[in-house]
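What follows is the content of data16.cif (mmCIF, C-alpha atoms).
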```
data_coords
#
loop_
_atom_site.label_atom_id
_atom_site.label_comp_id
_atom_site.auth_asym_id
_atom_site.auth_seq_id
_atom_site.Cartn_x
_atom_site.Cartn_y
_atom_site.Cartn_z
CA MET Z 1 -9.86 -9.82 -40.24
CA ASN Z 2 -12.48 -7.07 -40.31
CA LYS Z 3 -12.09 -4.88 -43.38
CA SER Z 4 -14.23 -1.83 -42.73
CA ILE Z 5 -12.49 0.94 -44.70
CA GLU Z 6 -14.14 2.50 -47.74
CA TYR Z 7 -12.66 2.08 -51.23
CA SER Z 8 -11.31 5.62 -51.59
CA VAL Z 9 -9.74 5.52 -48.12
CA VAL Z 10 -8.13 2.13 -48.78
CA ARG Z 11 -6.59 3.46 -51.97
CA SER Z 12 -5.25 6.67 -50.41
CA GLN Z 13 -3.88 4.88 -47.34
CA MET Z 14 -2.17 2.21 -49.44
CA MET Z 15 -0.60 4.94 -51.56
CA LYS Z 16 0.58 6.71 -48.43
CA LEU Z 17 2.10 3.49 -47.03
CA TRP Z 18 3.79 2.81 -50.39
CA LYS Z 19 5.31 6.29 -50.29
CA GLU Z 20 6.58 5.86 -46.72
CA VAL Z 21 8.16 2.45 -47.34
CA PHE Z 22 9.54 2.78 -50.87
CA GLY Z 23 10.00 6.53 -51.28
CA ASP Z 24 8.67 6.69 -54.86
CA SER Z 25 7.37 9.95 -56.29
CA ASP Z 26 3.71 10.90 -55.95
CA ASP Z 27 3.34 10.96 -59.74
CA TYR Z 28 4.76 7.43 -60.08
CA ILE Z 29 2.56 6.01 -57.30
CA ALA Z 30 -0.53 7.68 -58.77
CA LEU Z 31 0.32 6.20 -62.16
CA LEU Z 32 0.54 2.69 -60.73
CA PHE Z 33 -2.68 2.93 -58.75
CA ASP Z 34 -4.57 4.49 -61.66
CA HIS Z 35 -3.68 1.46 -63.77
CA TYR Z 36 -3.59 -1.45 -61.35
CA PHE Z 37 -5.52 -0.74 -58.15
CA LYS Z 38 -8.53 -3.05 -57.78
CA MET Z 39 -10.20 -4.09 -54.54
CA ASN Z 40 -10.13 -7.78 -55.54
CA ARG Z 41 -6.38 -7.58 -56.21
CA ILE Z 42 -5.20 -6.25 -52.86
CA GLU Z 43 -4.63 -7.57 -49.37
CA TYR Z 44 -4.32 -5.29 -46.37
CA TYR Z 45 -4.33 -5.27 -42.58
CA GLU Z 46 -5.92 -2.44 -40.66
CA GLU Z 47 -5.48 -1.28 -37.10
CA SER Z 48 -8.05 1.22 -35.80
CA ARG Z 49 -9.15 1.96 -39.38
CA ARG Z 50 -5.58 2.65 -40.47
CA ILE Z 51 -3.86 0.40 -43.01
CA VAL Z 52 -0.53 -0.70 -41.56
CA SER Z 53 0.37 -3.45 -44.05
CA SER Z 54 -0.68 -4.12 -47.65
CA LEU Z 55 0.21 -5.62 -51.00
CA LEU Z 56 -1.00 -5.17 -54.57
CA SER Z 57 -1.30 -7.92 -57.17
CA ILE Z 58 -1.35 -7.73 -60.97
CA ASP Z 59 -2.39 -10.52 -63.33
CA TYR Z 60 -0.20 -11.40 -66.29
CA ILE Z 61 -0.14 -14.03 -68.99
CA LEU Z 62 3.19 -15.67 -69.76
CA GLY Z 63 3.88 -17.19 -73.16
CA ASN Z 64 6.33 -17.67 -76.01
CA LYS Z 65 4.49 -15.86 -78.75
CA LEU Z 66 1.06 -14.36 -79.24
CA SER Z 67 0.34 -17.04 -81.85
CA ILE Z 68 1.00 -20.01 -79.53
CA VAL Z 69 -2.35 -20.36 -77.80
CA ASP Z 70 -1.53 -23.53 -75.89
CA SER Z 71 1.77 -22.27 -74.52
CA LYS Z 72 0.42 -19.93 -71.86
CA LEU Z 73 0.45 -19.63 -68.07
CA ASN Z 74 -1.77 -17.42 -65.92
CA THR Z 75 0.37 -15.80 -63.27
CA ARG Z 76 0.04 -13.08 -60.66
CA TYR Z 77 2.66 -10.53 -59.64
CA LEU Z 78 2.76 -9.44 -55.98
CA CYS Z 79 4.21 -5.97 -55.51
CA GLY Z 80 4.31 -3.14 -53.01
CA LEU Z 81 4.59 -5.53 -50.06
CA ALA Z 82 4.81 -2.91 -47.32
CA THR Z 83 4.39 -2.86 -43.55
CA ASP Z 84 4.55 0.16 -41.27
CA GLN Z 85 7.80 0.03 -39.32
CA ASP Z 86 5.99 -0.14 -35.95
CA TYR Z 87 4.13 -3.30 -37.00
CA ARG Z 88 6.94 -5.35 -38.50
CA GLY Z 89 7.98 -8.71 -37.07
CA GLN Z 90 4.43 -9.64 -36.04
CA GLY Z 91 3.64 -12.00 -38.92
CA ILE Z 92 1.21 -9.60 -40.57
CA MET Z 93 2.77 -9.75 -44.03
CA THR Z 94 2.97 -13.56 -43.82
CA LYS Z 95 -0.80 -13.61 -43.28
CA LEU Z 96 -1.36 -11.26 -46.23
CA ILE Z 97 0.80 -13.44 -48.48
CA ASP Z 98 -1.15 -16.54 -47.41
CA ASP Z 99 -4.41 -14.74 -48.20
CA ALA Z 100 -3.04 -13.71 -51.60
CA ILE Z 101 -2.04 -17.34 -52.29
CA LYS Z 102 -5.54 -18.62 -51.45
CA SER Z 103 -7.11 -15.93 -53.65
CA ALA Z 104 -4.80 -16.86 -56.54
CA TYR Z 105 -5.69 -20.55 -56.13
CA ASN Z 106 -9.42 -19.75 -56.34
CA ASP Z 107 -8.74 -17.66 -59.47
CA ASN Z 108 -6.91 -20.57 -61.16
CA ILE Z 109 -3.54 -18.79 -61.16
CA ALA Z 110 -0.65 -21.15 -61.93
CA PHE Z 111 1.91 -19.36 -59.78
CA VAL Z 112 2.58 -16.03 -58.10
CA PHE Z 113 5.89 -14.18 -58.21
CA LEU Z 114 7.56 -11.13 -56.75
CA LEU Z 115 10.82 -9.16 -56.92
CA PRO Z 116 12.79 -9.05 -53.65
CA ALA Z 117 13.64 -5.40 -52.96
CA ASN Z 118 17.07 -6.46 -51.68
CA ASP Z 119 19.15 -9.60 -51.17
CA GLY Z 120 18.21 -9.69 -47.51
CA LEU Z 121 14.59 -10.43 -48.41
CA ILE Z 122 15.45 -13.54 -50.43
CA ASN Z 123 15.62 -15.69 -47.28
CA TYR Z 124 12.44 -14.05 -45.96
CA TYR Z 125 10.47 -15.09 -49.03
CA HIS Z 126 12.22 -18.45 -49.20
CA ASP Z 127 10.86 -19.20 -45.71
CA ARG Z 128 7.40 -18.52 -47.15
CA CYS Z 129 7.82 -21.17 -49.88
CA PHE Z 130 9.06 -18.86 -52.66
CA VAL Z 131 12.02 -20.04 -54.73
CA SER Z 132 14.33 -18.24 -57.15
CA MET Z 133 12.70 -18.26 -60.57
CA SER Z 134 14.45 -15.70 -62.78
CA TYR Z 135 18.10 -14.68 -62.76
CA ASN Z 136 19.89 -11.57 -64.01
CA ARG Z 137 23.50 -10.53 -64.44
CA ASN Z 138 25.09 -7.19 -65.30
CA GLU Z 139 27.33 -5.82 -68.00
CA TYR Z 140 28.97 -2.49 -67.11
CA TYR Z 141 30.25 0.13 -69.53
CA PHE Z 142 32.16 2.93 -67.86
CA ASP Z 143 32.18 6.60 -68.78
CA ASN Z 144 33.55 7.57 -72.19
CA TYR Z 145 33.24 4.00 -73.45
CA ASP Z 146 33.51 4.19 -77.24
CA PHE Z 147 30.71 1.87 -78.37
CA ILE Z 148 30.90 2.55 -82.10
CA ASN Z 149 34.63 2.50 -82.87
CA ARG Z 150 35.34 -0.45 -80.60
CA ASN Z 151 32.62 -2.69 -81.87
CA ILE Z 152 31.29 -1.97 -85.35
CA ASP Z 153 32.12 -0.44 -88.67
CA ILE Z 154 30.07 2.74 -88.71
CA ASN Z 155 28.88 1.95 -92.23
CA ASN Z 156 27.41 -1.27 -90.86
CA GLY Z 157 24.97 0.75 -88.83
CA SER Z 158 23.96 3.23 -91.50
CA CYS Z 159 20.97 1.15 -92.60
CA TYR Z 160 19.35 1.41 -89.17
CA ASN Z 161 17.31 4.30 -87.84
CA ILE Z 162 17.48 4.81 -84.05
CA LEU Z 163 14.60 6.87 -82.68
CA ASN Z 164 14.87 8.35 -79.19
CA LEU Z 165 11.23 8.37 -78.10
CA THR Z 166 11.97 10.40 -74.96
CA ALA Z 167 13.71 13.16 -76.89
CA PHE Z 168 10.97 13.00 -79.52
CA ILE Z 169 8.31 13.70 -76.87
CA LYS Z 170 10.28 16.50 -75.21
CA GLU Z 171 11.47 18.27 -78.36
CA ARG Z 172 8.04 18.34 -79.97
CA ASN Z 173 6.19 18.88 -76.69
CA CYS Z 174 3.74 16.23 -77.84
CA SER Z 175 1.49 14.14 -75.64
CA CYS Z 176 2.36 10.67 -74.50
CA ASP Z 177 -0.98 9.52 -75.94
CA SER Z 178 0.00 10.55 -79.45
CA VAL Z 179 3.29 8.66 -79.15
CA LEU Z 180 1.50 5.59 -77.88
CA ASP Z 181 -0.94 5.75 -80.78
CA LYS Z 182 1.92 5.91 -83.25
CA TYR Z 183 4.36 3.37 -81.81
CA TYR Z 184 2.33 1.09 -79.53
CA ASN Z 185 1.75 -1.66 -82.09
CA ASP Z 186 5.41 -1.83 -83.06
CA ILE Z 187 6.66 -1.90 -79.46
CA CYS Z 188 4.08 -4.40 -78.23
CA TYR Z 189 4.53 -6.75 -81.18
CA PHE Z 190 8.32 -6.69 -80.97
CA ILE Z 191 8.44 -7.35 -77.21
CA ASN Z 192 5.77 -10.05 -77.27
CA ASN Z 193 7.28 -11.88 -80.22
CA TRP Z 194 10.86 -11.73 -79.00
CA ASN Z 195 12.52 -15.16 -79.10
CA TYR Z 196 15.27 -15.94 -76.62
CA PRO Z 197 18.10 -18.17 -77.83
CA ASP Z 198 16.64 -21.45 -76.57
CA HIS Z 199 13.20 -20.74 -78.08
CA LYS Z 200 11.69 -22.15 -74.87
CA THR Z 201 11.85 -19.03 -72.73
CA VAL Z 202 8.49 -17.49 -71.89
CA SER Z 203 7.93 -13.89 -70.87
CA ILE Z 204 5.12 -11.52 -70.00
CA ILE Z 205 2.72 -10.81 -72.85
CA ARG Z 206 2.33 -7.03 -72.75
CA ASN Z 207 -0.96 -5.24 -73.26
CA ARG Z 208 -1.87 -1.61 -73.82
CA TYR Z 209 -1.83 -0.86 -70.09
CA ASP Z 210 1.70 -2.18 -69.70
CA ILE Z 211 3.16 -0.31 -72.65
CA ASP Z 212 1.34 2.82 -71.51
CA ILE Z 213 2.73 2.66 -67.97
CA ILE Z 214 6.23 1.77 -69.18
CA ILE Z 215 6.42 4.91 -71.34
CA ARG Z 216 4.73 7.21 -68.82
CA ASP Z 217 6.88 5.92 -65.96
CA ASN Z 218 9.96 6.50 -68.07
CA ILE Z 219 8.98 10.12 -68.66
CA ILE Z 220 8.24 10.70 -64.96
CA SER Z 221 11.57 9.19 -63.89
CA GLU Z 222 13.63 11.13 -66.47
CA GLY Z 223 14.55 7.94 -68.29
CA CYS Z 224 15.06 7.22 -71.96
CA ILE Z 225 13.46 4.84 -74.46
CA CYS Z 226 15.00 4.25 -77.89
CA ILE Z 227 13.73 2.01 -80.65
CA ALA Z 228 15.49 0.81 -83.80
CA TYR Z 229 14.13 0.33 -87.31
CA ASP Z 230 15.78 -1.41 -90.25
CA GLU Z 231 15.88 -0.18 -93.83
CA ASN Z 232 12.44 -1.75 -94.45
CA ASN Z 233 10.98 0.21 -91.52
CA ASN Z 234 10.57 -2.90 -89.38
CA MET Z 235 11.28 -2.49 -85.67
CA CYS Z 236 14.41 -4.48 -84.77
CA GLY Z 237 15.43 -3.34 -81.28
CA ILE Z 238 14.42 -1.49 -78.13
CA VAL Z 239 16.18 -0.17 -75.03
CA ILE Z 240 14.43 1.18 -71.93
CA SER Z 241 16.54 2.87 -69.25
CA GLN Z 242 16.68 5.24 -66.30
CA CYS Z 243 19.51 7.41 -64.95
CA ASN Z 244 19.98 7.80 -61.20
CA GLU Z 245 21.58 10.56 -59.14
CA PHE Z 246 24.95 8.78 -59.30
CA ARG Z 247 25.06 9.15 -63.10
CA GLU Z 248 24.48 5.46 -63.61
CA VAL Z 249 22.16 4.51 -66.44
CA LYS Z 250 20.25 1.38 -65.54
CA VAL Z 251 19.08 -0.49 -68.62
CA GLN Z 252 15.83 -2.23 -67.72
CA MET Z 253 15.15 -3.83 -71.09
CA LEU Z 254 17.40 -4.35 -74.09
CA LEU Z 255 16.17 -6.47 -77.01
CA TYR Z 256 17.83 -6.55 -80.42
CA ILE Z 257 18.23 -8.81 -83.42
CA ASN Z 258 21.98 -8.39 -83.92
CA LYS Z 259 25.11 -6.95 -82.33
CA THR Z 260 25.10 -3.78 -84.43
CA ILE Z 261 21.66 -2.75 -83.17
CA LYS Z 262 22.69 -3.36 -79.56
CA VAL Z 263 25.72 -1.11 -80.02
CA LEU Z 264 23.70 1.63 -81.68
CA LEU Z 265 21.02 1.59 -78.97
CA LEU Z 266 23.54 1.84 -76.12
CA SER Z 267 25.45 4.54 -77.99
CA LYS Z 268 22.20 6.49 -78.29
CA LEU Z 269 21.75 6.31 -74.52
CA GLN Z 270 25.27 7.61 -74.01
CA GLU Z 271 24.59 10.47 -76.44
CA TYR Z 272 21.39 11.38 -74.58
CA PHE Z 273 22.68 11.20 -70.98
CA GLY Z 274 26.28 12.30 -71.65
CA GLU Z 275 29.60 10.52 -71.98
CA ASP Z 276 30.28 10.75 -68.24
CA VAL Z 277 27.62 8.18 -67.38
CA ARG Z 278 28.21 4.57 -66.40
CA ILE Z 279 25.85 2.22 -68.24
CA ALA Z 280 24.66 -0.89 -66.40
CA VAL Z 281 22.86 -3.45 -68.54
CA SER Z 282 20.79 -5.93 -66.56
CA ILE Z 283 20.59 -9.04 -68.68
CA SER Z 284 18.41 -12.08 -68.12
CA SER Z 285 20.43 -15.28 -67.97
CA GLU Z 286 18.10 -16.58 -70.67
CA GLU Z 287 20.01 -14.29 -73.06
CA LYS Z 288 23.30 -16.10 -72.45
CA ASP Z 289 23.90 -16.74 -76.16
CA GLN Z 290 23.48 -13.15 -77.26
CA GLU Z 291 26.62 -11.50 -78.58
CA ARG Z 292 28.72 -9.39 -76.22
CA ILE Z 293 29.71 -5.99 -77.56
CA PHE Z 294 32.73 -5.22 -75.40
CA ALA Z 295 36.22 -5.62 -76.77
CA PRO Z 296 38.32 -8.32 -75.01
CA TYR Z 297 39.93 -7.03 -71.84
CA ARG Z 298 40.94 -8.26 -68.41
CA LEU Z 299 39.66 -7.15 -65.04
CA VAL Z 300 41.62 -6.79 -61.81
CA ASP Z 301 40.50 -6.52 -58.20
CA LEU Z 302 41.61 -2.89 -57.88
CA GLN Z 303 41.56 -2.86 -54.08
CA SER Z 304 43.85 -5.82 -53.46
CA HIS Z 305 45.78 -5.76 -56.75
CA ASP Z 306 45.90 -9.53 -56.32
CA ALA Z 307 47.21 -10.97 -59.57
CA SER Z 308 45.45 -14.25 -58.85
CA LYS Z 309 42.13 -12.44 -59.19
CA ILE Z 310 42.75 -11.37 -62.78
CA ILE Z 311 40.01 -12.98 -64.85
CA SER Z 312 38.99 -12.79 -68.46
CA HIS Z 313 35.82 -11.10 -69.62
CA GLU Z 314 34.41 -14.45 -70.70
CA GLU Z 315 34.70 -15.74 -67.14
CA VAL Z 316 33.27 -12.57 -65.65
CA PHE Z 317 30.10 -12.82 -67.69
CA ALA Z 318 29.57 -16.58 -67.53
CA SER Z 319 25.86 -16.82 -66.85
CA ARG Z 320 25.95 -19.27 -63.92
CA ALA Z 321 28.88 -17.59 -62.22
CA THR Z 322 27.34 -14.12 -62.12
CA ALA Z 323 23.60 -14.74 -62.26
CA LYS Z 324 21.73 -13.43 -59.23
CA THR Z 325 18.14 -13.89 -58.16
CA PHE Z 326 15.87 -11.34 -59.81
CA ALA Z 327 12.41 -12.82 -59.25
CA MET Z 328 11.03 -15.44 -56.86
CA ALA Z 329 7.90 -17.53 -57.34
CA ARG Z 330 5.55 -19.87 -55.54
CA ILE Z 331 3.59 -22.53 -57.41
CA ILE Z 332 -0.16 -22.35 -56.80
CA LYS Z 333 -1.54 -24.92 -59.26
CA VAL Z 334 0.93 -27.76 -59.73
CA HIS Z 335 -1.17 -29.39 -62.44
CA GLU Z 336 -1.28 -26.23 -64.57
CA VAL Z 337 2.48 -25.75 -64.33
CA LEU Z 338 3.21 -29.39 -65.25
CA ILE Z 339 0.78 -29.24 -68.18
CA PHE Z 340 2.78 -26.25 -69.41
CA ALA Z 341 6.10 -28.07 -68.85
CA ALA Z 342 4.81 -31.12 -70.71
CA TYR Z 343 3.77 -28.94 -73.65
CA GLN Z 344 7.15 -27.24 -73.72
CA TYR Z 345 9.11 -30.52 -73.50
CA PRO Z 346 6.90 -33.24 -75.04
CA HIS Z 347 9.69 -35.85 -75.10
CA ARG Z 348 10.31 -35.76 -71.35
CA LYS Z 349 8.82 -38.53 -69.22
CA TYR Z 350 8.61 -38.40 -65.42
CA SER Z 351 6.21 -38.89 -62.51
CA ILE Z 352 5.83 -36.77 -59.37
CA LEU Z 353 4.13 -37.63 -56.10
CA ILE Z 354 3.07 -34.80 -53.77
CA THR Z 355 1.59 -35.85 -50.43
CA GLN Z 356 1.56 -32.57 -48.44
CA ASP Z 357 0.97 -28.94 -49.32
CA PHE Z 358 -0.50 -25.72 -47.95
CA LEU Z 359 -3.09 -26.07 -50.74
CA PRO Z 360 -4.44 -29.65 -50.48
CA GLY Z 361 -5.67 -29.60 -54.07
CA ASN Z 362 -2.05 -29.97 -55.20
CA CYS Z 363 -1.58 -33.33 -53.43
CA GLY Z 364 -1.62 -36.34 -55.71
CA PHE Z 365 0.25 -38.22 -58.43
CA TYR Z 366 1.33 -36.53 -61.67
CA GLU Z 367 2.34 -38.58 -64.72
CA VAL Z 368 4.00 -36.58 -67.48
CA ALA Z 369 4.58 -38.19 -70.89
CA ASP Z 370 4.02 -37.46 -74.59
CA GLY Z 371 3.31 -33.79 -73.97
CA GLN Z 372 0.54 -34.43 -71.45
CA CYS Z 373 0.14 -34.51 -67.67
CA ILE Z 374 -2.34 -36.86 -66.00
CA PHE Z 375 -3.23 -36.02 -62.40
CA THR Z 376 -4.71 -38.36 -59.80
CA PRO Z 377 -5.77 -36.59 -56.57
CA ILE Z 378 -4.36 -38.05 -53.37
CA GLY Z 379 -7.86 -38.98 -52.16
CA GLU Z 380 -8.36 -41.27 -55.16
CA ILE Z 381 -5.16 -43.26 -54.59
CA ALA Z 382 -5.63 -46.50 -52.65
CA GLU Z 383 -3.38 -46.95 -49.59
CA ASP Z 384 -1.47 -49.90 -51.04
CA ARG Z 385 -1.01 -48.05 -54.33
CA LEU Z 386 0.31 -45.02 -52.44
CA ARG Z 387 2.86 -47.15 -50.60
CA TYR Z 388 3.95 -48.62 -53.92
CA LEU Z 389 4.40 -45.17 -55.48
CA ILE Z 390 6.44 -43.93 -52.53
CA GLY Z 391 8.69 -46.98 -52.95
CA GLU Z 392 9.07 -46.32 -56.68
CA CYS Z 393 10.30 -42.80 -55.94
CA GLU Z 394 13.34 -44.20 -54.13
CA GLY Z 395 16.19 -44.78 -56.54
CA ASN Z 396 14.17 -44.27 -59.74
CA SER Z 397 15.40 -41.33 -61.81
CA ASN Z 398 11.97 -40.83 -63.39
CA PHE Z 399 9.93 -40.94 -60.16
CA TYR Z 400 10.00 -38.12 -57.61
CA HIS Z 401 8.40 -37.67 -54.19
CA LEU Z 402 8.59 -33.90 -53.70
CA SER Z 403 7.15 -30.99 -51.84
CA VAL Z 404 5.81 -28.15 -54.01
CA PRO Z 405 8.78 -25.85 -53.19
CA GLU Z 406 11.20 -28.69 -54.09
CA LEU Z 407 9.43 -29.13 -57.43
CA ALA Z 408 9.60 -25.37 -58.04
CA SER Z 409 13.34 -25.36 -57.24
CA LEU Z 410 13.93 -28.02 -59.90
CA LEU Z 411 11.74 -26.35 -62.53
CA TRP Z 412 13.38 -22.95 -61.97
CA ARG Z 413 16.96 -23.99 -61.30
CA LYS Z 414 19.76 -21.79 -62.59
CA PRO Z 415 20.57 -22.10 -66.29
CA ASP Z 416 23.56 -24.12 -67.48
CA ASP Z 417 23.65 -26.54 -64.57
CA PRO Z 418 25.09 -29.63 -66.33
CA LEU Z 419 24.98 -31.81 -63.23
CA LEU Z 420 21.26 -31.39 -62.67
CA ASP Z 421 20.42 -31.34 -66.37
CA ASP Z 422 22.12 -34.71 -66.85
CA VAL Z 423 20.48 -36.55 -63.94
CA ILE Z 424 17.07 -34.85 -63.56
CA SER Z 425 14.37 -35.73 -66.07
CA ILE Z 426 12.21 -32.80 -64.93
CA PRO Z 427 12.94 -29.99 -67.42
CA ARG Z 428 14.01 -26.49 -66.49
CA LEU Z 429 11.40 -23.82 -67.30
CA SER Z 430 12.96 -20.65 -68.68
CA ILE Z 431 10.98 -17.58 -67.60
CA GLU Z 432 11.98 -13.95 -68.13
CA VAL Z 433 10.08 -11.27 -66.20
CA SER Z 434 11.93 -8.01 -66.85
CA LEU Z 435 10.53 -4.47 -66.70
CA LEU Z 436 8.13 -4.80 -63.81
CA LEU Z 437 7.49 -2.48 -60.87
CA GLU Z 438 11.00 -2.72 -59.43
#
```
Spit out the file's structure as structure tokens when you get a sec.
Amino acid sequence: MNKSIEYSVVRSQMMKLWKEVFGDSDDYIALLFDHYFKMNRIEYYEESRRIVSSLLSIDYILGNKLSIVDSKLNTRYLCGLATDQDYRGQGIMTKLIDDAIKSAYNDNIAFVFLLPANDGLINYYHDRCFVSMSYNRNEYYFDNYDFINRNIDINNGSCYNILNLTAFIKERNCSCDSVLDKYYNDICYFINNWNYPDHKTVSIIRNRYDIDIIIRDNIISEGCICIAYDENNNMCGIVISQCNEFREVKVQMLLYINKTIKVLLLSKLQEYFGEDVRIAVSISSEEKDQERIFAPYRLVDLQSHDASKIISHEEVFASRATAKTFAMARIIKVHEVLIFAAYQYPHRKYSILITQDFLPGNCGFYEVADGQCIFTPIGEIAEDRLRYLIGECEGNSNFYHLSVPELASLLWRKPDDPLLDDVISIPRLSIEVSLLLE
């Protein structure tokens, strides 16, 4: 593919295509490209010096905590996958994705991931070797929901200070830079050191750019960010949200150390946007053990009034029953991912044979035990040894002959799947990737 367009023209044309396909505001698109546009992190297809299809990629590090040096994965986020309507169905985006995969492999990226814009795209990406990696579910609180009186003793919340950063910026007419200077360290440290209930979940380690764009994007989109401090002035919770034209407040991130803080943060959103809003909290399935704040109630299918469809709130919010695909991923470096899995679950022992892949460097035999992963490339395995290994994979619960997508499906299976967890020795990797460019 001949890429003959100058840097400035590539940038402006990609921004124009983004606008046409996704409909985001000019300010928002400019913000993204100011922070993340780099020529070595894009793929595009041009026709007569006009870009008709493109994607943008952003590098992230995933980990448990900033202090755990060995528990890290280099990953790459693919976003803004856009094709001009007149050029769709020609395989152009498939070629761009393949090019992005090869680039990520050369850059030693462990896996790439993306967020399907709608459910219809899940099958599209699945056909291109992406599998579901991260799952979300929703809690809904309808207008006039009384958070405080239903859930906590008001005196229980008196020791916490809830600061509405959005209102703070607007009321004082202060710059976003000054707010970042004052609160960046608290926000970044709290998000990066957040522990999910299983203590195995990894998430994006945020840097200054990310926190900067999160706050600026929130201001542009008329959203709201609130943070909570305890009596010792330690940050103990954060909520980041946006309100759409239908008066629905979408909560993009909600982290807290106890139920009281969660209630106070959501109540603050209701106070800011008005009691007539519907609050939708998108919750990662990795947070399944966090306390619910709603009072017990029962839900009915209001259209059919079918009594058989009455279900309890506990059933409604069971993580497996309601979890839907949020992010999809494709493994690039099998060895790097299995090294990470071995570190996370040092007591697991299993072996995996991969004989075919789009990236031949992944083919070989992987032996995981005692927190380590030993890899033997396929070219170094004698023919008789290979036949023996293939035979061992049949009927042996610790030996697996898999394709890379099959391995990814096992590593990123839905949470709380007792059947698989009991019979599969390959562990499930818990990854949470909220608050990206959705």
Would you tabulate, counting only C-alpha atoms, all residues of segment 326-379 of chain Z that have an atom at most 7 Å from an atom of segment 111-114 of chain Z, showing the closest pair of atoms and their distance in Å to one decimal, sorted by chain then ascending number, as a tab-separated table?
```
residue	atom	partner	partner_atom	distance
Z:Ala327	CA	Z:Leu114	CA	5.7
Z:Met328	CA	Z:Phe113	CA	5.5
Z:Ala329	CA	Z:Phe113	CA	4.0
Z:Arg330	CA	Z:Val112	CA	5.5
Z:Ile331	CA	Z:Phe111	CA	4.3
Z:Ile332	CA	Z:Phe111	CA	4.7
Z:Lys333	CA	Z:Phe111	CA	6.6
```
Restricted to C-alpha atoms, what would the selected residues look like written as a CSV table (one decimal), in the coordinates of the input?
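Generated output (result12.csv):
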```
chain,number,residue,atom,x,y,z
Z,327,ALA,CA,12.4,-12.8,-59.2
Z,328,MET,CA,11.0,-15.4,-56.9
Z,329,ALA,CA,7.9,-17.5,-57.3
Z,330,ARG,CA,5.6,-19.9,-55.5
Z,331,ILE,CA,3.6,-22.5,-57.4
Z,332,ILE,CA,-0.2,-22.4,-56.8
Z,333,LYS,CA,-1.5,-24.9,-59.3
```
Task: Within 10 Å of Ile205 of chain Z using all atoms listed in the file, minus same-chain residues under 2 positions, as a PyMOL selection string - done: chain Z and resi 60-66+72+188-189+191-193+202-203+207+210+433
TODO: List, as a PyMOL selection string, every residue that the PyMOL selection byres ((chain Z and resi 10-14) around 9) selects in the file provided.
DONE: chain Z and resi 5-9+15-19+33+37-39+44+50-55+82
- [ ] Taking the point (9.9, -29.9, -54.9) as given in the file, collect each protein or nucleic acid residue that comes within 12 Å of it, counting only C-alpha atoms, and present the set as an MDAnalysis selection string.
- [x] chainID Z and resid 129:131 330:331 334 352:357 362 400:413 426
Take the residues from that selection and write them out as a CSV table (one decimal), in the frame of the given file, keeping C-alpha atoms.
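Final output, saved to part-v2.csv:
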```
chain,number,residue,atom,x,y,z
Z,129,CYS,CA,7.8,-21.2,-49.9
Z,130,PHE,CA,9.1,-18.9,-52.7
Z,131,VAL,CA,12.0,-20.0,-54.7
Z,330,ARG,CA,5.6,-19.9,-55.5
Z,331,ILE,CA,3.6,-22.5,-57.4
Z,334,VAL,CA,0.9,-27.8,-59.7
Z,352,ILE,CA,5.8,-36.8,-59.4
Z,353,LEU,CA,4.1,-37.6,-56.1
Z,354,ILE,CA,3.1,-34.8,-53.8
Z,355,THR,CA,1.6,-35.8,-50.4
Z,356,GLN,CA,1.6,-32.6,-48.4
Z,357,ASP,CA,1.0,-28.9,-49.3
Z,362,ASN,CA,-2.0,-30.0,-55.2
Z,400,TYR,CA,10.0,-38.1,-57.6
Z,401,HIS,CA,8.4,-37.7,-54.2
Z,402,LEU,CA,8.6,-33.9,-53.7
Z,403,SER,CA,7.2,-31.0,-51.8
Z,404,VAL,CA,5.8,-28.2,-54.0
Z,405,PRO,CA,8.8,-25.8,-53.2
Z,406,GLU,CA,11.2,-28.7,-54.1
Z,407,LEU,CA,9.4,-29.1,-57.4
Z,408,ALA,CA,9.6,-25.4,-58.0
Z,409,SER,CA,13.3,-25.4,-57.2
Z,410,LEU,CA,13.9,-28.0,-59.9
Z,411,LEU,CA,11.7,-26.4,-62.5
Z,412,TRP,CA,13.4,-23.0,-62.0
Z,413,ARG,CA,17.0,-24.0,-61.3
Z,426,ILE,CA,12.2,-32.8,-64.9
```
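Those residues that approach segment 377-387 of chain Z to within 9 Å, counting all atoms listed in the file, are Leu353, Ile354, Thr355, Pro360, Gly361, Asn362, Cys363, Gly364, Phe365, Tyr366, Phe375, Leu389, Ile390, Gly391 and Glu392 of chain Z; same-chain residues fewer than 2 positions away are not listed.
Among the candidate residues Z:Val423, Z:Leu78, Z:Leu429, Z:Ile374, the one lying nearest to Ser397 of chain Z is Z:Val423, with distances computed using all atoms listed in the file.
In this structure, atom CA of Ile122 of chain Z sits 27.7 Å away from atom CA of Glu47 of chain Z.
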TODO: Return as a VMD selection string the set of residues that the PyMOL selection byres ((chain Z and resi 218) around 12) yields on the displayed structure.
DONE: chain Z and resid 27 to 28 31 165 to 167 169 176 211 to 217 219 to 226 239 to 243 250 to 253 435 437
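In this structure, atom CA of Asn106 of chain Z sits 24.2 Å away from atom CA of Leu436 of chain Z.
Across Z:Leu254, Z:Ser351, Z:Ile431, Z:Leu338, the tightest approach to Glu139 of chain Z is made by Z:Leu254 when counting only C-alpha atoms.
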TODO: Please indicate the distance in Å from atom CA of Ile424 of chain Z to atom CA of Tyr125 of chain Z, rounded to one decimal place.
DONE: 25.4 Å
- [ ] I need the residue set behind the PyMOL selection byres ((chain Z and resi 341-345) around 8) for this file; please write it as a PyMOL selection string.
- [x] chain Z and resi 70-71+200+337-340+346-348+368-373+427+429
